[in-house]
Each structure stands twice: as structure tokens, then as C-alpha cells.
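Everything below concerns the one structure shown next.
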Amino acid sequence: MSLGPLPSIAKLIRAPAKALAASAPLAKNDPLPFALLALTGVTGLVDAVSFLGLGHVFTANMTGNVVLLAFAVAGTPGLSMARPSTSLAAFLVGAALGGRLAVAMAAASRRRWLLAVALSEALLLLTAAIASIGFDIGTAAPPGLLYTVIVLTALAMGLRNATVRRLAVPDLTTTVLTSTLTGVAADSSVAGGDNPRIGRRVASVALMFAGAAVGTQLLRQGLALPLIVGAVGALVATVAYTDVPTPPPALAS
């Protein structure tokens, strides 16, 4: 019997294993959830910038964009089809790039991979901040700057979402809270549950709220300042995570 095909089959088996290595279970004291919580706050800030500063469009919350696009298609006055469509397209490109980066860095450590993602996200947000100089929020002009900022921030959030999805840390998507809030209620003691990860869930909601509030306040100084704060926040949170020693694996009892 020929054994020729076996090496190629082995490669096929190993390839997805490498790709999924990034989503390996966290050690008990792994600080990654704290970094993801900080990124959740950055998301609130970015969505405040996009929705309030770029004219009823989201660049992190794609559920909101789909709904806004439907409203615009149905003829709701004051809503644009072009803005959410542009954001959706850029987000998908960013997510595809995030997926490719995860595969390309499958052999690297989780920390090195996340640092590369954070650097990319920060660079995109900083570029958006520079591009926003001269943009008038009140008149949404010039249009070229408007769409440049939408594309850059949506690319950054798509890249981040693809990464966080691969990490698959429960209750920490960093961009949406529907499932988190559902878990708070459905798993509560009132519903007969034992409130698993309640601290993480409540913190995620609180930080998204805080980020949106801070973004709203900073937006009074223009688009650039909140985008710079978001870029610095994403980078600092990830660098802080990469500097913390990896906790040793728990010993089997």
C-alpha cells in the first residue's frame, strides 16, 4: 500500500491547528481580559466619533450600520446610504486583513501577534486623526475627508474584530454588548443561574459607556483629539499586556 499521500494529509491537519492556536484557552491569571476591556472603552470612543462626528454612521458597530442603511434605503430623511455602505465595505476589508495577519503570524507568540494588530490599529486611527484636520463636523465638509476618516476607522475596527474573534475570550468581543447584556440577565440568580463572569460583563458595559461619553466630550475639540486618544489607548493597553509575564500553567491536582 502506498503511503505517498500521508505527508500532504498531515500538512492539512497541522495547518488549521496552527491557525487555531491563537484561540487556545487562557491561563487562570492571564491579563488578556484586562487589555480587551480597555479596547472596549476605545470602541465606545470610536463610535462616538463616527456617529456624532461623521453623520449617523458607525465604524465599529456594524449591526447599527446595517440598520441605518436599511432606514436610508427605505427613504428616511437625513440618512445617507453612502456612509454606512462605505463603512461596511471598509470594515470587511479590515476583517479580511485581520484574518490574513492571524494566519501569517500563526507561528508567532500570541503577544507578538496582538502587538502587531495594536500597532496597525493605532496607525490607522492616527492616520484618520491627521486626515480629519480641516474637516467641519457641522457641515460634514469636505466630503473627501469625511469618507477618508470613515474608511480608516472602519478598517481599524475590522482588523480588531477579526483578531478578537480569533481569540474567542467569552463576553469580550470589544465592540458589541447584546450578547453580554443577555448573559447578565439570562445567567443571573434571578433567572436561576450563578452569575458567571459577572464582573467582566458589567465592566465591559461600563467601559463601553465611559468610552462613548469621553468621546462625546473630546469631540467638542474636533475629530482629531478623540481619535488620537483612541489610538494611544489601544496601543497602551496592548503594550501593557505584552509586558506582563505569562502566568505558569496550573498544575493538575
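So you can find residues: chains in the C-alpha cells are A, B, ... in the order shown, residues in each start at 1, and ligands are numbered from 1 in order.
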- Message: Just want the 8 Å neighbourhood of region 180-190 of chain A, counted on only C-alpha atoms, with same-chain residues fewer than 3 positions away dropped. Output as a ChimeraX atom specification.
- Response: /A:171-172,176-177,193-196,198,201-202,205
What are the closest atom pairs, with distances in Å to one decimal, for each residue of region 36-142 of chain A lying within 8 Å of region 154-160 of chain A, using only C-alpha atoms, rows by chain and rising residue number, as CSV?
residue,atom,partner,partner_atom,distance
A:Thr59,CA,A:Ala154,CA,4.5
A:Ala60,CA,A:Met157,CA,5.4
A:Ser87,CA,A:Ala154,CA,5.6
A:Leu88,CA,A:Ala154,CA,7.5
A:Ala90,CA,A:Leu155,CA,5.2
A:Phe91,CA,A:Gly158,CA,4.4
A:Leu92,CA,A:Gly158,CA,6.2
A:Val93,CA,A:Leu155,CA,6.6
A:Gly94,CA,A:Leu155,CA,4.2
A:Ala95,CA,A:Gly158,CA,4.2
A:Ala96,CA,A:Leu159,CA,7.4
A:Leu97,CA,A:Leu159,CA,6.3
A:Gly98,CA,A:Leu159,CA,4.4
A:Gly99,CA,A:Leu159,CA,7.8
A:Val117,CA,A:Arg160,CA,7.0
A:Ala118,CA,A:Arg160,CA,7.9
A:Ser120,CA,A:Ala156,CA,7.4
A:Glu121,CA,A:Ala156,CA,4.8
A:Ala122,CA,A:Ala156,CA,7.8
A:Leu124,CA,A:Ala156,CA,5.9
A:Leu125,CA,A:Ala156,CA,6.9
Please write the residues from the selection above to a file, keeping C-alpha atoms, as a compact mmCIF listing (two decimals), in the first residue's frame.
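Okay, this is what ended up in again-v2.txt:
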# COMPACT_ATOMS: atom_id res chain seq x y z
CA THR A 59 -17.36 52.37 12.13
CA ALA A 60 -17.19 49.75 14.89
CA SER A 87 -18.10 51.77 6.48
CA LEU A 88 -19.38 48.23 5.94
CA ALA A 90 -14.04 49.06 4.75
CA PHE A 91 -14.82 47.01 7.86
CA LEU A 92 -14.99 43.81 5.80
CA VAL A 93 -11.64 44.62 4.18
CA GLY A 94 -10.15 45.26 7.63
CA ALA A 95 -11.57 41.98 8.93
CA ALA A 96 -10.10 40.11 5.95
CA LEU A 97 -6.70 41.70 6.62
CA GLY A 98 -7.02 40.74 10.28
CA GLY A 99 -7.69 37.15 9.29
CA VAL A 117 -2.51 44.19 15.46
CA ALA A 118 -2.43 47.01 18.02
CA SER A 120 -1.78 48.54 12.92
CA GLU A 121 -4.94 49.76 14.64
CA ALA A 122 -3.14 52.69 16.26
CA LEU A 124 -4.90 53.65 11.18
CA LEU A 125 -6.54 55.75 13.91
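Distance check against Leu126 (chain A) using only C-alpha atoms: of A:Thr76, A:Arg110, A:Leu227, A:Asp243, the minimum falls on A:Leu227.
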If you count only C-alpha atoms, which residues fall within 7 Å of Thr242 (chain A), apart from same-chain ones fewer than 3 positions away, as an mmCIF file with N, CA and C atoms, in the first residue's frame?
data_model
loop_
_atom_site.group_PDB
_atom_site.id
_atom_site.type_symbol
_atom_site.label_atom_id
_atom_site.label_comp_id
_atom_site.auth_asym_id
_atom_site.auth_seq_id
_atom_site.Cartn_x
_atom_site.Cartn_y
_atom_site.Cartn_z
ATOM 1 N N ARG A 111 1.356 37.206 22.091
ATOM 2 C CA ARG A 111 1.667 38.594 22.437
ATOM 3 C C ARG A 111 2.261 39.352 21.256
ATOM 4 N N THR A 238 -2.407 47.218 24.855
ATOM 5 C CA THR A 238 -1.759 46.019 24.323
ATOM 6 C C THR A 238 -0.307 45.919 24.762
ATOM 7 N N VAL A 239 0.407 47.042 24.764
ATOM 8 C CA VAL A 239 1.796 47.021 25.213
ATOM 9 C C VAL A 239 1.870 46.612 26.681
#
- Message: Please list as a PyMOL selection string every residue within 12 Å of Leu36 (chain A), counting only C-alpha atoms and excluding residues in the same chain fewer than 5 positions away.
- Response: chain A and resi 30-31+41-43+114+118+160-161+163-165+167-175+200-201+203-204+207-208+233-238+240-241
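Closest approach to Phe51 (chain A) from the set A:Arg220, A:Arg112, A:Arg197, A:Arg83 is made by A:Arg83, with distances taken over only C-alpha atoms.
Of note, CA of Leu45 (chain A) and CA of Thr139 (chain A) are spaced 21.3 Å apart.
Using only C-alpha atoms, the shortest contact distance between Leu101 (chain A) and any of A:Leu115, A:Val66, A:Leu225, A:Ala131 is found at A:Leu115.
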- Task: Fewer than 2 positions away in the same chain doesn't count, so skip those; otherwise give me all residues within 12 Å of Ala70 (chain A), counting only C-alpha atoms, as an MDAnalysis selection string.
- Result: chainID A and resid 63:68 72:76 79:82 84:85
